[in-house]
$ cat upload-v9.tsv   # TSV, C-alpha atoms and all ligand atoms
chain	number	residue	atom	x	y	z
V	276	MET	CA	134.42	-145.65	51.51
V	277	ALA	CA	131.19	-143.77	52.05
V	278	VAL	CA	131.16	-140.48	50.14
V	279	MET	CA	129.75	-138.73	53.15
V	280	THR	CA	128.76	-139.46	56.73
V	281	LEU	CA	126.35	-136.72	57.60
V	282	ALA	CA	125.43	-135.81	61.19
V	283	ILE	CA	122.17	-133.87	61.41
V	284	ALA	CA	122.38	-131.89	64.60
V	285	ASN	CA	120.95	-128.97	66.52
V	286	GLN	CA	120.46	-129.18	70.27
V	287	LYS	CA	117.27	-127.18	69.92
V	288	GLY	CA	114.25	-129.49	69.97
V	289	GLY	CA	111.66	-129.81	67.24
V	290	VAL	CA	113.56	-128.01	64.48
V	291	GLY	CA	113.18	-130.76	61.88
V	292	LYS	CA	116.30	-132.89	62.47
V	293	THR	CA	114.46	-136.19	62.28
V	294	THR	CA	112.23	-135.13	59.39
V	295	THR	CA	115.36	-134.05	57.51
V	296	ALA	CA	117.23	-137.28	58.35
V	297	ILE	CA	114.33	-139.49	57.23
V	298	ASN	CA	113.61	-137.71	53.98
V	299	LEU	CA	117.20	-137.02	53.01
V	300	ALA	CA	118.08	-140.69	53.55
V	301	ALA	CA	115.03	-141.74	51.53
V	302	ALA	CA	115.87	-139.30	48.72
V	303	LEU	CA	119.42	-140.67	48.47
V	304	ALA	CA	118.20	-144.28	48.52
V	305	GLN	CA	115.70	-143.51	45.79
V	306	LYS	CA	118.55	-142.32	43.64
V	307	GLU	CA	119.93	-145.85	44.11
V	308	LEU	CA	122.69	-144.56	46.35
V	309	LYS	CA	123.30	-147.14	49.04
V	310	THR	CA	122.38	-145.33	52.26
V	311	LEU	CA	122.51	-146.13	55.98
V	312	LEU	CA	120.31	-144.17	58.38
V	313	VAL	CA	121.66	-144.22	61.94
V	314	ASP	CA	119.15	-143.34	64.64
V	315	LEU	CA	120.99	-141.90	67.63
V	316	ASP	CA	117.88	-140.39	69.21
V	317	PRO	CA	116.31	-142.43	72.06
V	318	GLN	CA	112.90	-141.18	70.88
V	319	GLY	CA	113.47	-143.48	67.89
V	320	ASN	CA	111.34	-141.46	65.49
V	321	ALA	CA	113.61	-141.96	62.50
V	322	THR	CA	113.51	-145.70	63.14
V	323	LEU	CA	109.71	-145.73	63.29
V	324	SER	CA	109.41	-144.34	59.79
V	325	PHE	CA	111.07	-147.42	58.30
V	326	VAL	CA	111.10	-150.33	60.77
V	327	ASP	CA	108.80	-151.80	63.40
V	328	PRO	CA	110.99	-151.64	66.52
V	329	ASN	CA	108.90	-154.06	68.61
V	330	PRO	CA	110.36	-157.38	67.47
V	331	LEU	CA	113.93	-156.07	67.45
V	332	LYS	CA	116.33	-157.81	69.80
V	333	LEU	CA	119.23	-155.45	69.24
V	334	SER	CA	119.48	-151.70	68.67
V	335	VAL	CA	122.04	-148.92	68.54
V	336	TYR	CA	122.19	-149.09	72.32
V	337	ASP	CA	123.71	-152.58	72.13
V	338	LEU	CA	126.00	-151.47	69.32
V	339	LEU	CA	127.43	-148.68	71.49
V	340	LEU	CA	127.58	-150.60	74.76
V	341	GLN	CA	128.55	-154.17	73.86
V	342	PRO	CA	132.01	-154.75	72.39
V	343	ASP	CA	131.03	-157.98	70.61
V	344	ILE	CA	127.99	-156.52	68.83
V	345	GLY	CA	128.67	-155.14	65.35
V	346	VAL	CA	126.75	-153.30	62.63
V	347	PRO	CA	125.61	-156.55	60.90
V	348	ASP	CA	123.96	-157.71	64.15
V	349	VAL	CA	121.87	-154.56	64.44
V	350	VAL	CA	121.24	-153.31	60.90
V	351	GLN	CA	117.72	-153.60	59.43
V	352	SER	CA	116.72	-153.47	55.81
V	353	THR	CA	113.70	-151.40	54.77
V	354	SER	CA	111.13	-151.38	51.98
V	355	LEU	CA	113.60	-149.27	50.01
V	356	PRO	CA	116.25	-151.64	48.58
V	357	ASP	CA	119.04	-149.07	48.97
V	358	LEU	CA	118.18	-147.99	52.52
V	359	ASP	CA	119.29	-149.72	55.72
V	360	VAL	CA	118.63	-148.49	59.25
V	361	LEU	CA	120.49	-148.85	62.53
V	362	PRO	CA	117.45	-148.63	64.79
V	363	ALA	CA	117.09	-146.89	68.17
V	364	ARG	CA	114.87	-147.76	71.06
V	365	ILE	CA	114.08	-145.83	74.21
V	366	SER	CA	116.80	-147.86	75.99
V	367	LEU	CA	119.29	-145.62	74.19
V	368	ALA	CA	118.49	-142.95	76.78
V	369	LYS	CA	120.53	-145.00	79.26
V	370	ALA	CA	123.60	-144.80	77.03
V	371	GLU	CA	124.38	-141.22	78.06
V	372	VAL	CA	124.82	-142.29	81.68
V	373	LYS	CA	126.57	-145.58	80.92
V	374	LEU	CA	129.13	-144.02	78.61
V	375	VAL	CA	130.15	-141.22	80.96
V	376	GLY	CA	133.63	-141.91	82.25
V	377	GLU	CA	134.48	-144.51	79.61
V	378	ILE	CA	137.73	-143.46	78.00
V	379	ASP	CA	136.52	-144.21	74.48
V	380	SER	CA	132.96	-142.99	75.02
V	381	HIS	CA	133.08	-140.48	72.15
V	382	PHE	CA	134.48	-142.96	69.65
V	383	ARG	CA	132.03	-145.82	70.07
V	384	LEU	CA	129.93	-145.12	66.96
V	385	LYS	CA	132.94	-144.26	64.79
V	386	ASP	CA	134.73	-147.47	65.76
V	387	LYS	CA	131.64	-149.58	65.03
V	388	LEU	CA	130.94	-147.88	61.68
V	389	ASP	CA	134.52	-147.83	60.35
V	390	PRO	CA	134.67	-151.47	59.14
V	391	TYR	CA	131.38	-151.07	57.23
V	392	ARG	CA	131.74	-147.65	55.61
V	393	GLY	CA	132.64	-149.28	52.35
V	394	LEU	CA	129.16	-150.81	52.09
V	395	TYR	CA	127.43	-147.45	51.86
V	396	GLU	CA	127.69	-144.34	49.75
V	397	TYR	CA	125.89	-142.15	52.28
V	398	ILE	CA	125.47	-142.50	56.03
V	399	VAL	CA	122.93	-140.16	57.64
V	400	ILE	CA	122.87	-139.80	61.45
V	401	ASP	CA	119.89	-138.38	63.34
V	402	THR	CA	120.78	-136.95	66.76
V	403	PRO	CA	118.86	-136.05	69.92
V	404	PRO	CA	118.18	-132.45	71.01
V	405	THR	CA	121.19	-132.25	73.34
V	406	LEU	CA	124.93	-131.77	72.97
V	407	GLY	CA	125.57	-134.87	75.08
V	408	VAL	CA	127.62	-137.96	74.43
V	409	LEU	CA	125.29	-139.30	71.69
V	410	THR	CA	125.52	-136.15	69.59
V	411	VAL	CA	129.28	-136.06	70.17
V	412	ASN	CA	129.47	-139.68	68.95
V	413	ALA	CA	127.66	-138.57	65.78
V	414	LEU	CA	130.07	-135.66	65.24
V	415	VAL	CA	133.12	-137.84	65.81
V	416	ALA	CA	131.86	-140.47	63.35
V	417	ALA	CA	130.77	-137.90	60.74
V	418	THR	CA	132.58	-136.33	57.82
V	419	HIS	CA	130.03	-133.51	57.58
V	420	LEU	CA	127.60	-131.59	59.77
V	421	LEU	CA	124.19	-130.42	58.57
V	422	VAL	CA	122.23	-128.09	60.83
V	423	PRO	CA	118.48	-127.65	60.42
V	424	ILE	CA	117.30	-124.29	61.73
V	425	GLN	CA	113.62	-123.65	62.25
V	426	SER	CA	112.34	-120.49	60.70
V	427	SER	CA	110.91	-118.97	63.88
V	428	TYR	CA	111.50	-116.40	66.57
V	429	PHE	CA	114.79	-117.18	68.37
V	430	ALA	CA	115.84	-119.32	65.39
V	431	LEU	CA	119.52	-118.67	66.06
V	432	GLU	CA	119.36	-119.13	69.80
V	433	GLY	CA	121.72	-121.92	70.81
V	434	THR	CA	123.60	-122.10	67.52
V	435	ASP	CA	126.68	-120.60	69.27
V	436	ASP	CA	126.87	-123.61	71.57
V	437	LEU	CA	126.47	-125.96	68.64
V	438	LEU	CA	129.24	-124.22	66.68
V	439	GLU	CA	131.48	-124.27	69.75
V	440	THR	CA	130.98	-128.04	70.04
V	441	TYR	CA	131.71	-128.35	66.31
V	442	GLN	CA	134.99	-126.46	66.76
V	443	LYS	CA	135.98	-128.57	69.77
V	444	ILE	CA	135.37	-131.77	67.85
V	445	ARG	CA	137.43	-130.40	64.97
V	446	SER	CA	140.30	-129.39	67.22
V	447	ARG	CA	140.69	-132.86	68.74
V	448	PRO	CA	138.79	-136.04	67.93
V	449	ASN	CA	137.75	-135.29	64.33
V	450	PRO	CA	139.83	-132.58	62.58
V	451	ASP	CA	138.35	-133.52	59.18
V	452	LEU	CA	134.76	-132.75	60.15
V	453	GLN	CA	133.29	-130.21	57.75
V	454	PHE	CA	130.37	-127.86	58.09
V	455	LEU	CA	128.19	-128.83	55.14
V	456	GLY	CA	125.44	-126.34	55.65
V	457	VAL	CA	122.30	-124.98	57.24
V	458	VAL	CA	118.83	-125.87	56.04
V	459	ILE	CA	115.95	-123.61	56.99
V	460	THR	CA	112.95	-125.72	58.00
V	461	LEU	CA	109.30	-125.23	58.93
V	462	HIS	CA	109.28	-122.06	56.86
V	463	ASP	CA	106.01	-120.21	56.39
V	464	ARG	CA	106.27	-118.25	53.16
V	465	ARG	CA	103.25	-116.13	53.95
V	466	THR	CA	104.66	-114.28	56.93
V	467	VAL	CA	106.90	-111.24	56.99
V	468	LEU	CA	108.53	-112.58	60.16
V	469	ALA	CA	109.63	-115.74	58.36
V	470	LYS	CA	111.21	-113.61	55.61
V	471	ASP	CA	113.08	-111.55	58.21
V	472	ILE	CA	114.33	-114.64	59.98
V	473	LYS	CA	115.54	-116.14	56.72
V	474	LYS	CA	117.49	-112.93	56.09
V	475	GLN	CA	118.99	-113.10	59.60
V	476	ILE	CA	120.06	-116.72	59.15
V	477	ARG	CA	121.69	-115.81	55.84
V	478	GLN	CA	123.54	-112.92	57.49
V	479	VAL	CA	125.08	-115.30	60.01
V	480	PHE	CA	125.75	-118.35	57.84
V	481	GLY	CA	126.16	-116.78	54.38
V	482	ASP	CA	126.51	-119.26	51.55
V	483	LYS	CA	126.45	-122.16	54.01
V	484	VAL	CA	122.66	-121.79	53.90
V	485	PHE	CA	121.20	-124.20	51.37
V	486	LYS	CA	119.22	-122.60	48.55
V	487	THR	CA	116.46	-125.08	49.28
V	488	THR	CA	114.17	-124.07	52.14
V	489	ILE	CA	111.78	-126.61	53.64
V	490	SER	CA	108.29	-125.16	53.97
V	491	LYS	CA	105.84	-125.93	56.70
V	492	SER	CA	103.67	-128.70	55.31
V	493	VAL	CA	100.94	-130.87	56.77
V	494	ARG	CA	102.05	-133.76	54.54
V	495	LEU	CA	105.54	-133.73	56.08
V	496	GLU	CA	104.00	-133.79	59.52
V	497	GLU	CA	101.69	-136.68	58.66
V	498	SER	CA	104.03	-139.00	56.80
V	499	PRO	CA	105.84	-140.56	59.84
V	500	ALA	CA	102.48	-141.68	61.26
V	501	TYR	CA	102.03	-143.74	58.10
V	502	ARG	CA	105.55	-145.16	58.37
V	503	GLN	CA	106.60	-143.57	55.13
V	504	SER	CA	108.97	-141.00	53.77
V	505	ILE	CA	107.42	-138.05	51.96
V	506	PHE	CA	108.37	-139.61	48.62
V	507	THR	CA	105.92	-142.48	48.91
V	508	PHE	CA	103.38	-140.73	51.13
V	509	ALA	CA	102.90	-137.58	49.04
V	510	PRO	CA	105.28	-137.69	46.08
V	511	SER	CA	104.06	-134.49	44.47
V	512	SER	CA	103.81	-132.42	47.67
V	513	SER	CA	106.01	-129.39	48.35
V	514	GLY	CA	107.84	-131.42	51.02
V	515	ALA	CA	108.82	-134.11	48.51
V	516	ILE	CA	110.00	-131.55	45.97
V	517	GLU	CA	111.97	-129.60	48.57
V	518	TYR	CA	113.66	-132.60	50.20
V	519	TYR	CA	114.55	-133.94	46.75
V	520	SER	CA	116.12	-130.63	45.89
V	521	LEU	CA	117.99	-130.57	49.23
V	522	SER	CA	119.38	-134.03	48.45
V	523	GLU	CA	120.71	-132.70	45.12
V	524	GLU	CA	122.40	-129.81	46.90
V	525	VAL	CA	123.89	-132.14	49.53
V	526	ILE	CA	125.33	-134.41	46.83
V	527	GLY	CA	126.65	-131.37	44.98
V	528	ARG	CA	128.52	-130.02	48.00
V	529	VAL	CA	130.89	-132.94	48.48
X	1	LIG	N1	108.45	-128.92	57.23
X	1	LIG	C1	107.58	-129.32	58.18
X	1	LIG	N2	106.28	-129.02	58.08
X	1	LIG	C2	105.40	-129.40	59.05
X	1	LIG	N3	105.73	-130.11	60.11
X	1	LIG	C3	107.02	-130.47	60.26
X	1	LIG	C4	108.01	-130.11	59.29
X	1	LIG	N4	109.21	-130.59	59.70
X	1	LIG	C5	108.97	-131.22	60.86
X	1	LIG	N5	107.67	-131.14	61.20
X	1	LIG	C6	107.02	-131.66	62.40
X	1	LIG	O1	107.51	-130.92	63.51
X	1	LIG	C7	107.78	-131.78	64.61
X	1	LIG	C8	109.28	-131.72	64.94
X	1	LIG	O2	110.01	-132.19	63.81
X	1	LIG	P1	111.19	-133.23	63.97
X	1	LIG	O3	110.77	-134.37	64.83
X	1	LIG	O4	111.71	-133.53	62.63
X	1	LIG	O5	112.21	-132.31	64.76
X	1	LIG	P2	113.48	-132.75	65.60
X	1	LIG	O6	114.44	-131.62	65.53
X	1	LIG	O7	113.95	-134.08	65.18
X	1	LIG	O8	112.86	-132.87	67.07
X	1	LIG	P3	113.62	-133.44	68.36
X	1	LIG	O9	114.55	-132.35	68.77
X	1	LIG	O10	112.54	-133.69	69.35
X	1	LIG	O11	114.34	-134.69	67.95
X	1	LIG	C9	107.31	-133.15	64.20
X	1	LIG	O12	106.01	-133.35	64.62
X	1	LIG	C10	107.37	-133.11	62.68
X	1	LIG	O13	106.46	-133.99	62.07
X	2	MG	MG	114.28	-135.83	66.32
$ encode --input "upload-v9.tsv" --output "structure tokens"
Amino acid sequence: MAVMTLAIANQKGGVGKTTTAINLAAALAQKELKTLLVDLDPQGNATLSFVDPNPLKLSVYDLLLQPDIGVPDVVQSTSLPDLDVLPARISLAKAEVKLVGEIDSHFRLKDKLDPYRGLYEYIVIDTPPTLGVLTVNALVAATHLLVPIQSSYFALEGTDDLLETYQKIRSRPNPDLQFLGVVITLHDRRTVLAKDIKKQIRQVFGDKVFKTTISKSVRLEESPAYRQSIFTFAPSSSGAIEYYSLSEEVIGRV
């Protein structure tokens, strides 16, 4: 069984979910831990960092919608030997509508992953900026939730809704789901505001906040354009050091 299936979620857009999913998955794979990155965001940005989606016949959309399609039909290997990806395409946007009203709509990902969990030590799921059926699928399939929070004004806005969804998932479809932690992202060490916000986040989430904070860094912003994780694109940058250190904390929290 996988040690951990980690859903990376926050319905607020642009807080670093995908950047965290990509670089955490890459960090784990570089430690030779067999890792599966699941892209549940129709924008497909996590996919783009590791696979060329154009020639793909099948994607996560087909996995969720077609009963006879399984993980082996959709999974793609990457340049990292220990990293596989379940890729997303824009078609995934249709899944929200198609799954509404299906009795098992929230269990689709879990049911498809279950037979293959033994092949991976870590499964990392990137989610879209909504609390819709795709994010719920991630939370039902996951063992742990990791929430990136951007170090900015209104950082905590919306976290109540996210925590409410987390509690609902725990009370019914997935009682074992655990809150792994909060990672502060896009942090600008130079500003007083950023320091204040960090303090606020710590007041709300206490020791759930990871010690590692991800700084704002041009390298992290650039790396997806070059189809790379930060570890190959800029291995000695602050982003690489911080995401490596986050991966150590994640492993240590299981
Ligand atoms: N630490 C960082 N430093 C600089 N830029 C960053 C950092 N983290 C993320 N970014 C950039 O900020 C933007 C938003 O990040 P990202 O796509 O990871 O957020 P997201 O939460 O997945 O967004 P969405 O909600 O749209 O899926 C991207 O352009 C990304 O490259
Ligand atoms: Mg994203």
$ residues_near_ligand --input "upload-v9.tsv" --ligand "ligand MG 2 (chain X)" --cutoff "8 Å" --atoms "all atoms listed in the file" --output "list in words"
Gly288, Gly289, Gly291, Lys292, Thr293, Thr294, Asp316, Gln318, Gly319, Asn320, Ala321, Asp401, Thr402, Pro403 and Pro404 of chain V
$ closest_atom_pairs --input "upload-v9.tsv" --of "chain V" --to "ligand LIG 1 (chain X)" --cutoff "10 Å" --atoms "only C-alpha atoms and all ligand atoms" --output "Markdown table"
| residue | atom | partner | partner_atom | distance |
| --- | --- | --- | --- | --- |
| V:Ile283 | CA | X:LIG1 | O6 | 9.0 |
| V:Ala284 | CA | X:LIG1 | O6 | 8.0 |
| V:Asn285 | CA | X:LIG1 | O6 | 7.1 |
| V:Gln286 | CA | X:LIG1 | O9 | 6.9 |
| V:Lys287 | CA | X:LIG1 | O9 | 6.0 |
| V:Gly288 | CA | X:LIG1 | O9 | 3.1 |
| V:Gly289 | CA | X:LIG1 | O8 | 3.3 |
| V:Val290 | CA | X:LIG1 | O6 | 3.9 |
| V:Gly291 | CA | X:LIG1 | O4 | 3.2 |
| V:Lys292 | CA | X:LIG1 | O7 | 3.8 |
| V:Thr293 | CA | X:LIG1 | O7 | 3.6 |
| V:Thr294 | CA | X:LIG1 | O4 | 3.7 |
| V:Thr295 | CA | X:LIG1 | O4 | 6.3 |
| V:Ala296 | CA | X:LIG1 | O4 | 7.9 |
| V:Ile297 | CA | X:LIG1 | O4 | 8.5 |
| V:Asn298 | CA | X:LIG1 | O4 | 9.8 |
| V:Leu315 | CA | X:LIG1 | O11 | 9.8 |
| V:Asp316 | CA | X:LIG1 | O11 | 6.8 |
| V:Pro317 | CA | X:LIG1 | O11 | 9.0 |
| V:Gln318 | CA | X:LIG1 | O11 | 7.3 |
| V:Gly319 | CA | X:LIG1 | O11 | 8.8 |
| V:Asn320 | CA | X:LIG1 | O3 | 7.1 |
| V:Ala321 | CA | X:LIG1 | O7 | 8.3 |
| V:Asp401 | CA | X:LIG1 | O7 | 7.6 |
| V:Thr402 | CA | X:LIG1 | O11 | 6.9 |
| V:Pro403 | CA | X:LIG1 | O11 | 5.1 |
| V:Pro404 | CA | X:LIG1 | O9 | 4.3 |
| V:Thr405 | CA | X:LIG1 | O9 | 8.1 |
| V:Val422 | CA | X:LIG1 | O6 | 9.8 |
| V:Pro423 | CA | X:LIG1 | O6 | 7.6 |
| V:Ile424 | CA | X:LIG1 | O6 | 8.7 |
| V:Gln425 | CA | X:LIG1 | N4 | 8.6 |
| V:Ser426 | CA | X:LIG1 | N1 | 9.9 |
| V:Ile459 | CA | X:LIG1 | N1 | 9.2 |
| V:Thr460 | CA | X:LIG1 | N1 | 5.6 |
| V:Leu461 | CA | X:LIG1 | N1 | 4.2 |
| V:His462 | CA | X:LIG1 | N1 | 6.9 |
| V:Asp463 | CA | X:LIG1 | N2 | 9.0 |
| V:Thr488 | CA | X:LIG1 | N1 | 9.1 |
| V:Ile489 | CA | X:LIG1 | N1 | 5.4 |
| V:Ser490 | CA | X:LIG1 | N1 | 5.0 |
| V:Lys491 | CA | X:LIG1 | N2 | 3.4 |
| V:Ser492 | CA | X:LIG1 | N2 | 3.8 |
| V:Val493 | CA | X:LIG1 | C2 | 5.2 |
| V:Arg494 | CA | X:LIG1 | C2 | 7.1 |
| V:Leu495 | CA | X:LIG1 | N2 | 5.2 |
| V:Glu496 | CA | X:LIG1 | O13 | 3.5 |
| V:Glu497 | CA | X:LIG1 | O13 | 6.5 |
| V:Ser498 | CA | X:LIG1 | O13 | 7.7 |
| V:Pro499 | CA | X:LIG1 | O13 | 7.0 |
| V:Ala500 | CA | X:LIG1 | O13 | 8.7 |
| V:Ser513 | CA | X:LIG1 | N1 | 9.2 |
| V:Gly514 | CA | X:LIG1 | N1 | 6.7 |
| V:Glu517 | CA | X:LIG1 | N1 | 9.4 |
| V:Tyr518 | CA | X:LIG1 | N1 | 9.5 |
$ axis_aligned_box --input "upload-v9.tsv" --around "range 278-291 of chain V" --padding-each-side "3 Å" --output "lines of an AutoDock Vina configuration file"
center_x = 121.4
center_y = -133.8
center_z = 60.2
size_x = 25.5
size_y = 19.3
size_z = 26.1
$ atom_distance --input "upload-v9.tsv" --atom1 "CA of Glu371 in chain V" --atom2 "CA of Gln341 in chain V"
14.2 Å
$ atom_distance --input "upload-v9.tsv" --atom1 "CA of Ala282 in chain V" --atom2 "CA of Gly433 in chain V"
17.3 Å
$ residues_around --input "upload-v9.tsv" --residues "Leu308 in chain V" --least-positions-apart "3" --cutoff "9 Å" --atoms "only C-alpha atoms" --output "list of chain:residue names"
V:Ala302, V:Leu303, V:Ala304, V:Gln305, V:Asp357, V:Leu358, V:Tyr395, V:Glu396, V:Tyr397
$ closest_atom_pairs --input "upload-v9.tsv" --of "range 425-505 of chain V" --to "range 377-383 of chain V" --cutoff "12 Å" --atoms "only C-alpha atoms" --output "tab-separated table"
residue	atom	partner	partner_atom	distance
V:Ile444	CA	V:His381	CA	10.0
V:Arg447	CA	V:His381	CA	11.3
V:Pro448	CA	V:Phe382	CA	8.3
V:Asn449	CA	V:Phe382	CA	9.9
$ atom_distance --input "upload-v9.tsv" --atom1 "CA of Ser334 in chain V" --atom2 "CA of Met279 in chain V"
22.7 Å
$ closest_residue --input "upload-v9.tsv" --among "V:Leu384, V:Leu281, V:Ile476, V:Ala301" --to "Phe508 in chain V" --atoms "only C-alpha atoms"
V:Ala301
